[in-house]
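Structure file input-v1.txt with compact mmCIF, C-alpha atoms and all ligand atoms:
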```
# COMPACT_ATOMS: atom_id res chain seq x y z
CA MET A 1 173.38 147.43 110.12
CA ASP A 2 171.03 144.52 109.42
CA ILE A 3 171.29 141.64 106.97
CA ASN A 4 170.04 142.53 103.48
CA LEU A 5 168.21 139.25 102.90
CA LYS A 6 167.00 140.18 99.41
CA LEU A 7 170.58 140.82 98.28
CA LEU A 8 171.91 137.70 100.05
CA LYS A 9 169.19 135.56 98.45
CA SER A 10 170.18 136.74 94.95
CA ILE A 11 173.87 136.20 95.69
CA CYS A 12 173.21 132.63 96.90
CA GLU A 13 170.82 131.55 94.16
CA ILE A 14 172.73 132.73 91.07
CA PRO A 15 174.67 129.71 89.71
CA GLY A 16 178.47 129.72 89.53
CA ALA A 17 180.23 126.43 88.84
CA PRO A 18 184.04 126.52 89.02
CA GLY A 19 185.24 127.98 85.71
CA ARG A 20 181.72 129.25 84.92
CA GLU A 21 181.36 132.12 87.35
CA GLU A 22 180.23 134.68 84.73
CA LYS A 23 176.62 135.10 85.95
CA ILE A 24 177.46 135.70 89.61
CA ARG A 25 180.48 137.84 88.63
CA HIS A 26 178.22 140.01 86.46
CA PHE A 27 175.76 140.39 89.35
CA ILE A 28 178.51 141.48 91.75
CA TYR A 29 179.90 143.83 89.06
CA LYS A 30 176.46 145.51 88.92
CA GLN A 31 176.51 145.96 92.71
CA ILE A 32 179.98 147.53 92.49
CA GLU A 33 178.64 149.95 89.85
CA ASP A 34 176.33 151.34 92.56
CA LEU A 35 179.41 151.98 94.73
CA ILE A 36 181.04 153.75 91.77
CA LYS A 37 177.97 155.99 91.42
CA GLN A 38 178.22 156.78 95.14
CA LYS A 39 181.92 157.66 94.56
CA LYS A 40 183.07 154.98 97.03
CA ILE A 41 185.07 153.24 94.30
CA GLN A 42 186.64 154.72 91.15
CA LYS A 43 185.55 153.20 87.85
CA ASN A 44 189.09 152.40 86.68
CA ASP A 45 189.80 150.54 89.93
CA VAL A 46 187.49 147.68 88.91
CA HIS A 47 188.55 145.02 86.42
CA VAL A 48 188.25 141.33 85.55
CA ASP A 49 191.51 139.43 84.91
CA SER A 50 192.00 136.67 82.33
CA ILE A 51 191.16 133.74 84.60
CA GLY A 52 187.97 135.55 85.69
CA ASN A 53 188.69 137.12 89.09
CA LEU A 54 186.84 140.41 89.73
CA HIS A 55 189.25 142.93 91.27
CA VAL A 56 187.98 146.00 93.15
CA ILE A 57 190.46 148.47 94.65
CA LYS A 58 189.42 150.84 97.41
CA ARG A 59 192.12 153.52 97.37
CA GLY A 60 193.69 154.48 100.68
CA ARG A 61 194.51 157.93 102.04
CA TYR A 62 198.27 157.50 101.61
CA LYS A 63 200.11 156.95 98.33
CA ASN A 64 202.53 154.09 97.62
CA THR A 65 202.16 152.30 100.91
CA LYS A 66 201.36 148.73 101.88
CA LYS A 67 198.77 146.65 100.09
CA ILE A 68 196.10 144.67 101.88
CA MET A 69 194.07 142.06 100.01
CA SER A 70 190.91 140.10 100.75
CA ALA A 71 189.47 137.25 98.71
CA ALA A 72 186.00 135.70 98.58
CA HIS A 73 185.50 132.92 96.06
CA LEU A 74 182.56 133.15 93.68
CA ASP A 75 182.37 129.50 92.68
CA GLU A 76 180.25 126.79 94.32
CA ILE A 77 180.72 123.00 94.28
CA SER A 78 179.11 121.72 91.06
CA PHE A 79 179.31 119.01 88.40
CA MET A 80 180.26 118.71 84.72
CA VAL A 81 178.43 116.64 82.09
CA ARG A 82 180.71 113.81 80.87
CA HIS A 83 178.32 111.49 79.02
CA ILE A 84 174.73 111.24 77.78
CA ASP A 85 173.50 107.66 77.48
CA GLU A 86 171.04 106.02 75.02
CA GLN A 87 168.06 106.82 77.25
CA GLY A 88 169.12 110.44 77.77
CA PHE A 89 170.50 110.01 81.31
CA ILE A 90 173.48 112.23 82.10
CA ARG A 91 176.69 110.98 83.73
CA PHE A 92 178.74 113.68 85.41
CA THR A 93 182.00 114.37 87.20
CA PRO A 94 182.10 116.46 90.39
CA LEU A 95 183.76 119.90 90.50
CA GLY A 96 184.72 120.17 94.16
CA GLY A 97 184.37 117.92 97.20
CA PHE A 98 181.02 116.18 97.67
CA ASP A 99 179.80 113.81 100.34
CA PRO A 100 177.91 111.40 98.02
CA LYS A 101 175.02 110.90 100.44
CA THR A 102 174.11 114.61 100.13
CA LEU A 103 173.16 114.01 96.48
CA THR A 104 170.32 111.68 97.38
CA ALA A 105 166.89 112.92 96.25
CA GLN A 106 168.18 116.29 95.01
CA ARG A 107 167.16 118.53 92.13
CA VAL A 108 169.86 120.16 90.00
CA ILE A 109 170.03 122.63 87.12
CA VAL A 110 171.81 121.55 83.94
CA HIS A 111 173.17 124.64 82.18
CA GLY A 112 173.05 123.96 78.43
CA LYS A 113 171.76 126.15 75.60
CA LYS A 114 169.02 126.72 78.14
CA ASP A 115 168.68 125.64 81.77
CA LEU A 116 167.01 122.27 82.41
CA ILE A 117 165.90 120.96 85.79
CA GLY A 118 167.44 117.57 86.49
CA LEU A 119 166.81 114.85 89.09
CA MET A 120 169.61 112.99 90.87
CA GLY A 121 168.45 109.41 90.40
CA THR A 122 169.67 106.24 92.16
CA LYS A 123 168.51 102.66 92.63
CA PRO A 124 165.38 102.41 94.86
CA ILE A 125 165.99 100.78 98.22
CA HIS A 126 163.13 98.32 97.55
CA ILE A 127 165.10 96.40 94.96
CA MET A 128 168.53 96.58 96.57
CA ASP A 129 170.15 93.44 97.97
CA PRO A 130 170.03 93.65 101.80
CA ALA A 131 173.85 93.73 101.85
CA ASP A 132 173.94 96.69 99.41
CA ARG A 133 171.57 98.72 101.60
CA GLU A 134 174.29 98.94 104.23
CA LYS A 135 176.94 100.20 101.78
CA PRO A 136 177.62 103.92 101.47
CA VAL A 137 176.53 105.42 98.12
CA LYS A 138 179.16 106.54 95.61
CA ILE A 139 179.05 109.58 93.32
CA SER A 140 179.09 107.18 90.37
CA ASP A 141 175.81 105.61 91.59
CA PHE A 142 173.93 108.75 90.54
CA VAL A 143 172.66 109.84 87.12
CA VAL A 144 170.88 113.06 86.19
CA ASP A 145 167.44 112.63 84.62
CA VAL A 146 166.17 115.65 82.65
CA GLY A 147 163.02 113.87 81.46
CA LEU A 148 163.90 113.93 77.76
CA PRO A 149 165.06 111.33 75.19
CA LYS A 150 168.72 111.38 74.07
CA GLU A 151 168.04 113.31 70.83
CA GLU A 152 166.21 116.06 72.70
CA VAL A 153 168.84 116.24 75.45
CA GLU A 154 171.64 116.55 72.89
CA LYS A 155 169.96 119.54 71.21
CA ILE A 156 170.30 121.44 74.50
CA ILE A 157 173.12 119.82 76.52
CA SER A 158 176.74 119.21 75.45
CA ILE A 159 179.60 117.35 77.07
CA GLY A 160 181.38 119.90 79.29
CA ASP A 161 178.25 121.81 80.30
CA VAL A 162 177.99 122.39 84.03
CA ILE A 163 175.36 121.34 86.56
CA THR A 164 174.60 123.27 89.76
CA ARG A 165 172.36 122.45 92.70
CA GLU A 166 168.81 123.78 92.91
CA ARG A 167 167.72 125.16 96.30
CA ASP A 168 166.52 128.58 97.42
CA LEU A 169 167.61 130.59 100.46
CA VAL A 170 165.27 130.54 103.46
CA GLU A 171 165.32 131.97 106.96
CA VAL A 172 165.32 129.32 109.69
CA GLY A 173 164.88 130.90 113.12
CA ASN A 174 167.97 133.05 113.75
CA TYR A 175 169.74 131.44 110.81
CA VAL A 176 169.70 131.48 107.03
CA SER A 177 170.03 128.33 104.96
CA ALA A 178 170.93 127.92 101.26
CA LYS A 179 172.82 125.69 98.84
CA SER A 180 175.87 127.89 98.37
CA LEU A 181 176.59 129.82 101.56
CA ASP A 182 180.07 128.39 100.93
CA ASN A 183 181.12 130.83 99.73
CA ARG A 184 178.45 133.32 98.81
CA ILE A 185 178.14 134.42 102.43
CA ALA A 186 181.76 135.63 102.11
CA VAL A 187 180.94 137.31 98.78
CA TYR A 188 178.15 139.14 100.61
CA ILE A 189 180.48 140.07 103.50
CA LEU A 190 183.12 141.48 101.13
CA LEU A 191 180.52 143.47 99.18
CA GLU A 192 178.95 144.90 102.35
CA THR A 193 182.40 145.75 103.75
CA LEU A 194 183.18 147.75 100.59
CA ARG A 195 179.86 149.55 101.10
CA TYR A 196 180.44 150.46 104.77
CA LEU A 197 184.23 150.87 104.82
CA ASP A 198 185.66 154.27 105.73
CA THR A 199 188.57 155.26 103.50
CA PRO A 200 191.48 153.16 104.84
CA ALA A 201 195.08 154.36 105.16
CA TRP A 202 196.38 151.77 102.70
CA ASP A 203 194.98 150.54 99.38
CA PHE A 204 192.53 147.67 99.88
CA TYR A 205 192.34 145.04 97.14
CA ALA A 206 189.02 143.19 97.31
CA VAL A 207 188.98 140.22 94.95
CA PHE A 208 186.04 137.99 94.07
CA THR A 209 187.97 134.89 93.02
CA VAL A 210 187.22 131.91 90.76
CA GLN A 211 187.88 128.16 90.87
CA GLU A 212 188.57 127.90 94.61
CA GLU A 213 186.65 124.66 95.02
CA VAL A 214 188.85 122.83 92.49
CA GLY A 215 192.19 123.90 93.98
CA LEU A 216 192.46 127.58 95.05
CA ARG A 217 193.24 128.56 91.45
CA GLY A 218 191.86 132.07 90.91
CA ALA A 219 193.35 133.50 94.11
CA GLN A 220 196.79 132.29 93.07
CA VAL A 221 196.66 134.45 89.94
CA ALA A 222 195.20 137.43 91.82
CA ALA A 223 197.79 137.31 94.60
CA HIS A 224 200.61 136.91 92.09
CA THR A 225 199.39 140.05 90.29
CA ILE A 226 198.64 142.17 93.37
CA ASN A 227 201.65 141.02 95.41
CA PRO A 228 199.97 141.91 98.72
CA ASP A 229 201.83 142.72 101.95
CA PHE A 230 198.85 141.62 104.07
CA ALA A 231 195.82 139.47 103.31
CA ILE A 232 192.64 138.42 105.07
CA ASN A 233 190.67 135.65 103.40
CA LEU A 234 186.91 135.23 103.73
CA ASP A 235 185.30 131.80 103.70
CA THR A 236 183.06 129.45 105.60
CA THR A 237 184.23 126.88 108.12
CA ILE A 238 182.83 123.80 109.81
CA ALA A 239 180.36 124.21 112.68
CA TYR A 240 179.80 120.66 113.88
CA ASP A 241 177.91 121.78 116.96
CA THR A 242 174.97 119.42 116.53
CA PRO A 243 174.03 116.40 118.74
CA GLY A 244 176.71 113.73 118.84
CA ALA A 245 179.68 116.05 118.37
CA ALA A 246 182.52 115.76 120.83
CA GLU A 247 183.72 119.10 122.23
CA TYR A 248 187.02 118.88 120.34
CA GLU A 249 185.26 118.14 117.03
CA LYS A 250 183.05 121.22 116.93
CA CYS A 251 185.64 123.46 115.24
CA THR A 252 183.21 126.40 115.62
CA GLN A 253 179.65 126.94 116.87
CA LEU A 254 176.79 128.91 115.33
CA GLY A 255 175.95 132.20 117.01
CA LYS A 256 179.18 132.32 119.05
CA GLY A 257 180.75 134.98 116.84
CA THR A 258 182.88 135.26 113.75
CA ALA A 259 185.83 132.85 113.54
CA ILE A 260 189.46 133.96 113.35
CA LYS A 261 191.45 131.41 111.37
CA ILE A 262 194.53 129.95 113.00
CA MET A 263 195.11 127.20 110.45
CA ASP A 264 193.49 124.96 107.89
CA SER A 265 194.96 122.15 105.83
CA SER A 266 196.41 124.65 103.31
CA VAL A 267 197.82 127.34 105.59
CA ILE A 268 199.19 128.29 108.98
CA CYS A 269 198.14 131.89 109.50
CA ASP A 270 200.73 134.44 110.53
CA SER A 271 200.82 134.75 114.33
CA ARG A 272 201.11 138.54 114.05
CA MET A 273 197.95 138.73 111.93
CA ILE A 274 196.07 136.45 114.34
CA GLU A 275 197.11 138.74 117.21
CA PHE A 276 196.05 141.86 115.28
CA MET A 277 192.65 140.33 114.44
CA LYS A 278 191.96 139.16 118.01
CA THR A 279 192.98 142.56 119.41
CA THR A 280 190.77 144.37 116.90
CA ALA A 281 187.78 142.13 117.68
CA ASP A 282 188.18 142.64 121.43
CA LYS A 283 188.62 146.41 121.04
CA HIS A 284 185.26 146.66 119.25
CA ASN A 285 183.43 144.05 121.37
CA ILE A 286 183.01 141.73 118.40
CA PRO A 287 182.48 138.13 119.59
CA TRP A 288 184.93 135.72 117.96
CA GLN A 289 186.07 132.11 118.19
CA PRO A 290 189.34 130.52 117.08
CA GLU A 291 189.22 128.27 114.01
CA ILE A 292 191.42 125.23 113.50
CA LEU A 293 190.17 123.39 110.42
CA VAL A 294 192.02 120.09 110.15
CA SER A 295 190.76 119.18 106.68
CA GLY A 296 189.97 121.62 103.87
CA GLY A 297 191.98 124.43 102.28
CA THR A 298 191.17 128.05 101.44
CA ASP A 299 192.35 130.98 99.31
CA THR A 300 194.33 132.10 102.38
CA ALA A 301 197.14 129.81 101.18
CA PRO A 302 197.79 131.26 97.70
CA MET A 303 197.56 134.78 99.14
CA GLN A 304 200.30 133.87 101.61
CA ARG A 305 202.58 132.38 98.99
CA ALA A 306 201.92 133.64 95.43
CA GLY A 307 203.30 137.15 95.88
CA LYS A 308 206.99 138.03 95.49
CA HIS A 309 207.92 138.01 99.17
CA GLY A 310 204.98 136.17 100.68
CA ALA A 311 202.31 137.95 102.70
CA ILE A 312 201.23 138.22 106.33
CA VAL A 313 197.88 136.41 106.20
CA GLY A 314 194.85 135.59 108.28
CA GLY A 315 191.26 134.61 107.68
CA ILE A 316 187.75 135.46 108.79
CA SER A 317 185.56 132.36 108.67
CA VAL A 318 181.80 132.08 109.01
CA PRO A 319 180.73 129.10 111.14
CA THR A 320 178.55 126.93 108.85
CA ARG A 321 176.46 123.86 109.67
CA TYR A 322 175.87 121.10 107.09
CA ILE A 323 178.67 122.46 104.90
CA HIS A 324 178.93 121.25 101.28
CA SER A 325 175.25 120.32 101.26
CA VAL A 326 172.17 122.15 99.94
CA ILE A 327 171.13 123.18 103.46
CA GLU A 328 174.30 125.02 104.51
CA THR A 329 173.31 127.18 107.48
CA VAL A 330 174.83 130.27 109.12
CA SER A 331 173.82 132.62 111.95
CA LYS A 332 172.82 136.13 110.87
CA GLN A 333 174.64 137.56 113.90
CA ASP A 334 177.89 135.78 112.98
CA VAL A 335 177.62 137.28 109.49
CA LEU A 336 177.19 140.82 110.84
CA HIS A 337 180.11 140.31 113.23
CA SER A 338 182.25 139.11 110.32
CA ILE A 339 181.51 142.31 108.37
CA GLN A 340 182.36 144.44 111.40
CA LEU A 341 185.64 142.61 112.01
CA LEU A 342 186.78 142.89 108.40
CA LYS A 343 185.84 146.58 108.25
CA HIS A 344 187.79 147.42 111.43
CA CYS A 345 190.78 145.30 110.38
CA ILE A 346 191.07 147.10 107.03
CA GLU A 347 190.60 150.54 108.61
CA GLU A 348 193.07 149.96 111.46
CA ILE A 349 195.79 147.67 110.11
CA HIS A 350 198.26 150.54 109.64
CA THR A 351 198.18 151.23 113.39
CA PHE A 352 199.41 147.76 114.43
CA LYS A 353 203.12 146.97 114.92
CA PHE A 354 203.72 143.85 112.86
ZN ZN A 401 184.66 127.89 100.38
```
Now that the file is in, can you turn its structure into structure tokens?
Ligand SMILES: [Zn+2]
Amino acid sequence: MDINLKLLKSICEIPGAPGREEKIRHFIYKQIEDLIKQKKIQKNDVHVDSIGNLHVIKRGRYKNTKKIMSAAHLDEISFMVRHIDEQGFIRFTPLGGFDPKTLTAQRVIVHGKKDLIGLMGTKPIHIMDPADREKPVKISDFVVDVGLPKEEVEKIISIGDVITRERDLVEVGNYVSAKSLDNRIAVYILLETLRYLDTPAWDFYAVFTVQEEVGLRGAQVAAHTINPDFAINLDTTIAYDTPGAAEYEKCTQLGKGTAIKIMDSSVICDSRMIEFMKTTADKHNIPWQPEILVSGGTDTAPMQRAGKHGAIVGGISVPTRYIHSVIETVSKQDVLHSIQLLKHCIEEIHTFKF
């Protein structure tokens, strides 16, 4: 198995603001249709729920047994138009967590009646007071400039339209870099796992969720509906393995394997699931590293808690440098190891004594 860069590039570049995931969902739906043609998935096992999650069920060999669920969120951190001023500049509110300095000198896409390229403008350093130069920038310091007067902007853009970041996927040495690897790399991993998975013993519920970046919202609905017994979430995690990082701050490192989640700020993973995942990785010689993410939550949490009796949960995380910026970067090898680990976990979970 090698990385399908053409597919990954499409998955990363299609916009999908929280609450506006329709374009990327449609693209993934089309990919699933190929799996239906190949008889890997049955047509009536694919549906979209009311909040917008795309559910895909891979039926197991046994009837009426345990349910295992995985989630990969479709949305990416974005913005929403809140005001258009007299000169046509757009004020916006963030959808998801941004480090304001990552907005400096960026291009964005404003999704109105048609897509407009926008520029994230701020005050030039040349005319700043010396004291202001030292101050960190704030989100509210930025405006989006679409190069049109107010009347023209208002014909195309309305309050409530969304804005996504503009940046293509490139290969960088052994890595790939793009604006939305959080969480499109997990979307890719889930899709590829469905493609390569042997028929598992139990039914596998693969869900492409919505609105994760604004509060783990889609997964809550999906887990409530599915009521899983077991769940493995798929997301990115911090790799602060660059110069200046203390050993304890690294969280994970690029190229050192897939990461098995132990906890993040929204969840403490089930110790039995962690043990199962570590054992499975070792059995198949899949390199892995433990993940303790002290700040930042994931869809692992609603999957643990939104079902009737709670679920036994864990997470596979992809080490990611420069996370929540337009140059998010992952190792191709870590991605392949993540696919392998998920595939083996789904195929072998019925053999483990929980
Ligand atoms: Zn994420």
**Request:** Measuring atom to atom with only C-alpha atoms and all ligand atoms, identify which of A:Gly255, A:Gly121, A:Gly96, A:Pro302 is nearest to ligand ZN 401 (chain A).
**Result:**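 Nearest to ligand ZN 401 (chain A): A:Gly96.
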Rows by chain and residue number, stretch 193-253 of chain A within 10 Å of stretch 22-42 of chain A, shortest pair, all atoms listed in the file, as CSV:
```
residue,atom,partner,partner_atom,distance
A:Leu194,CA,A:Lys40,CA,8.1
A:Arg195,CA,A:Leu35,CA,6.8
A:Tyr196,CA,A:Lys40,CA,9.3
A:Leu197,CA,A:Lys40,CA,8.9
A:Asp198,CA,A:Lys40,CA,9.1
A:Thr199,CA,A:Lys40,CA,8.5
A:Phe208,CA,A:Arg25,CA,7.8
A:Thr209,CA,A:Arg25,CA,9.2
A:Val210,CA,A:Arg25,CA,9.2
```
Residue selection dump (C-alpha atoms) as a short mmCIF file (atom, residue, chain, number, x, y, z; two decimals), in the coordinates of the input:
```cif
data_model
loop_
_atom_site.label_atom_id
_atom_site.label_comp_id
_atom_site.auth_asym_id
_atom_site.auth_seq_id
_atom_site.Cartn_x
_atom_site.Cartn_y
_atom_site.Cartn_z
CA LEU A 194 183.18 147.75 100.59
CA ARG A 195 179.86 149.55 101.10
CA TYR A 196 180.44 150.46 104.77
CA LEU A 197 184.23 150.87 104.82
CA ASP A 198 185.66 154.27 105.73
CA THR A 199 188.57 155.26 103.50
CA PHE A 208 186.04 137.99 94.07
CA THR A 209 187.97 134.89 93.02
CA VAL A 210 187.22 131.91 90.76
#
```
**Message:** Under the rule that all atoms listed in the file are counted, which of A:Arg82, A:His73, A:His55, A:Arg20 is the nearest residue to ligand ZN 401 (chain A)?
**Reply:**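 Residue with the minimum atom-to-atom distance to ligand ZN 401 (chain A): A:His73.
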**Message:** Give me, as a PyMOL selection string, the set of residues whose atoms come within 8 Å of any atom of ligand ZN 401 (chain A), counting all atoms listed in the file.
**Reply:** chain A and resi 73+76+182-183+212-213+235-237+298
Closest-contact table, stretch 3-86 of chain A side, partner stretch 163-173 of chain A, 6 Å, counting only C-alpha atoms, as JSON lines:
```
{"residue": "A:Lys9", "atom": "CA", "partner": "A:Leu169", "partner_atom": "CA", "distance": 5.6}
{"residue": "A:Ser78", "atom": "CA", "partner": "A:Thr164", "partner_atom": "CA", "distance": 4.9}
{"residue": "A:Phe79", "atom": "CA", "partner": "A:Ile163", "partner_atom": "CA", "distance": 4.9}
{"residue": "A:Met80", "atom": "CA", "partner": "A:Ile163", "partner_atom": "CA", "distance": 5.9}
```
Show me, as CSV, the residues of stretch 184-264 of chain A having an atom within 6 Å of stretch 329-342 of chain A, each with the closest atom pair and its distance in Å, using only C-alpha atoms.
```
residue,atom,partner,partner_atom,distance
A:Ile189,CA,A:Ile339,CA,5.5
A:Thr193,CA,A:Ile339,CA,5.8
A:Leu254,CA,A:Ser331,CA,5.8
A:Gly255,CA,A:Ser331,CA,5.5
A:Gly257,CA,A:Asp334,CA,4.9
A:Thr258,CA,A:Asp334,CA,5.1
```
**Request:** Give me, please, the distance in Å between atom CA of A:Pro94 and atom CA of A:Asn233, quoted to one decimal.
**Result:**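 Pair atom CA of A:Pro94 / atom CA of A:Asn233 returns 24.7 Å.
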**Request:** Find the distance between atom CA of A:Pro100 and atom CA of A:Val326 and write it in Å to one decimal.
**Result:**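 Between these atoms lies a distance of 12.3 Å.
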**Item:** Two-atom distance - atom CA of A:Gly297, atom CA of A:Val214 (Å)
**Value:**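 For atom CA of A:Gly297 relative to atom CA of A:Val214, the distance reads 10.4 Å.
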**Message:** Need to verify the contact set: stretch 262-271 of chain A, 6 Å, only C-alpha atoms, exclusion of same-chain residues closer than 4 positions in sequence. Can you return it as a PyMOL selection string?
**Reply:** chain A and resi 291-297+301+312-314
Just the selected residues (C-alpha atoms), exported as a PDB file, keeping the file's coordinate frame, please.
```
ATOM      1  CA  GLU A 291     189.220 128.270 114.010  1.00  0.00           C
ATOM      2  CA  ILE A 292     191.420 125.230 113.500  1.00  0.00           C
ATOM      3  CA  LEU A 293     190.170 123.390 110.420  1.00  0.00           C
ATOM      4  CA  VAL A 294     192.020 120.090 110.150  1.00  0.00           C
ATOM      5  CA  SER A 295     190.760 119.180 106.680  1.00  0.00           C
ATOM      6  CA  GLY A 296     189.970 121.620 103.870  1.00  0.00           C
ATOM      7  CA  GLY A 297     191.980 124.430 102.280  1.00  0.00           C
ATOM      8  CA  ALA A 301     197.140 129.810 101.180  1.00  0.00           C
ATOM      9  CA  ILE A 312     201.230 138.220 106.330  1.00  0.00           C
ATOM     10  CA  VAL A 313     197.880 136.410 106.200  1.00  0.00           C
ATOM     11  CA  GLY A 314     194.850 135.590 108.280  1.00  0.00           C
TER      12      GLY A 314
END
```
**Request:** Pick out the closest residue to A:Gly218 from this set: A:Asn53, A:Ser10, A:Ser180, A:Gln253. Count all atoms listed in the file.
**Result:**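 Result for the nearest residue to A:Gly218: A:Asn53.
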**Item:** Nearest to A:Phe92, chosen from A:Ile11, A:Ile159, A:Val146, A:Val176, with all atoms listed in the file counted in the distances
**Value:**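 Looking only at the distances to A:Phe92, the closest residue turns out to be A:Ile159.
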**Item:** Within 10 Å of A:Arg61 using only C-alpha atoms, minus same-chain residues under 4 positions, as a PyMOL selection string
**Value:** chain A and resi 65+199-203
**Prompt:** Of the candidates A:Glu275, A:Glu328, A:Asp75, A:Asp299, which shows the shortest atom-to-atom distance to A:Leu216, using only C-alpha atoms?
**Reply:**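 With only C-alpha atoms as the atom set, the closest residue is A:Asp299.
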**Message:** Here is a test: counting only C-alpha atoms, which residue of A:His83, A:Lys123, A:His324, A:Lys63 is nearest to A:Asp161?
**Reply:**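 Answer, going by the shortest atom-to-atom distance: A:His83.
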**Prompt:** Which residues come within 10 Å of A:Gln289, counting only C-alpha atoms, excluding same-chain residues fewer than 5 positions away, as a list in words?
**Reply:** Cys251, Thr252, Gln253, Lys256, Gly257, Thr258, Ala259, Ile260, Lys261, Lys278, Ser317 and Pro319 of chain A
**Message:** When you look at A:Lys155 with a cut-off of 12 Å (counting all atoms listed in the file), what residues show up, excluding the ones that are within fewer than 6 positions of it in the same chain? I need them as a list in words.
**Reply:**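 My reading of the contact set: Ile84, Gly88, Gly112, Lys113, Lys114, Leu116, Leu148 and Pro149 of chain A.
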Is there a way to complete stretch 50-61 of chain A with N, CA, C and O atoms and then write that out as a short mmCIF file (atom, residue, chain, number, x, y, z; two decimals), in the frame of the given file?
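Full text of selection_0.cif as output:
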```cif
data_model
loop_
_atom_site.label_atom_id
_atom_site.label_comp_id
_atom_site.auth_asym_id
_atom_site.auth_seq_id
_atom_site.Cartn_x
_atom_site.Cartn_y
_atom_site.Cartn_z
N SER A 50 192.23 137.68 83.38
CA SER A 50 192.00 136.67 82.33
C SER A 50 191.40 135.37 82.86
O SER A 50 190.62 134.72 82.17
N ILE A 51 191.74 134.99 84.07
CA ILE A 51 191.16 133.74 84.60
C ILE A 51 189.72 133.96 85.07
O ILE A 51 188.95 133.02 85.20
N GLY A 52 189.36 135.25 85.33
CA GLY A 52 187.97 135.55 85.69
C GLY A 52 187.76 136.17 87.06
O GLY A 52 186.61 136.39 87.47
N ASN A 53 188.84 136.46 87.79
CA ASN A 53 188.69 137.12 89.09
C ASN A 53 188.21 138.56 88.88
O ASN A 53 188.69 139.25 87.98
N LEU A 54 187.29 139.01 89.74
CA LEU A 54 186.84 140.41 89.73
C LEU A 54 187.62 141.17 90.80
O LEU A 54 187.51 140.86 91.99
N HIS A 55 188.43 142.13 90.35
CA HIS A 55 189.25 142.93 91.27
C HIS A 55 188.58 144.28 91.52
O HIS A 55 188.18 144.95 90.57
N VAL A 56 188.52 144.68 92.78
CA VAL A 56 187.98 146.00 93.15
C VAL A 56 188.98 146.64 94.11
O VAL A 56 189.29 146.04 95.14
N ILE A 57 189.50 147.81 93.76
CA ILE A 57 190.46 148.47 94.65
C ILE A 57 189.80 149.66 95.32
O ILE A 57 189.22 150.52 94.65
N LYS A 58 189.87 149.68 96.64
CA LYS A 58 189.42 150.84 97.41
C LYS A 58 190.69 151.61 97.78
O LYS A 58 191.51 151.12 98.56
N ARG A 59 190.88 152.78 97.16
CA ARG A 59 192.12 153.52 97.37
C ARG A 59 192.22 154.07 98.78
O ARG A 59 191.25 154.57 99.34
N GLY A 60 193.44 153.99 99.34
CA GLY A 60 193.69 154.48 100.68
C GLY A 60 194.03 155.97 100.69
O GLY A 60 194.16 156.60 99.65
N ARG A 61 194.20 156.50 101.88
CA ARG A 61 194.51 157.93 102.04
C ARG A 61 195.96 158.23 101.66
O ARG A 61 196.27 159.33 101.24
#
```
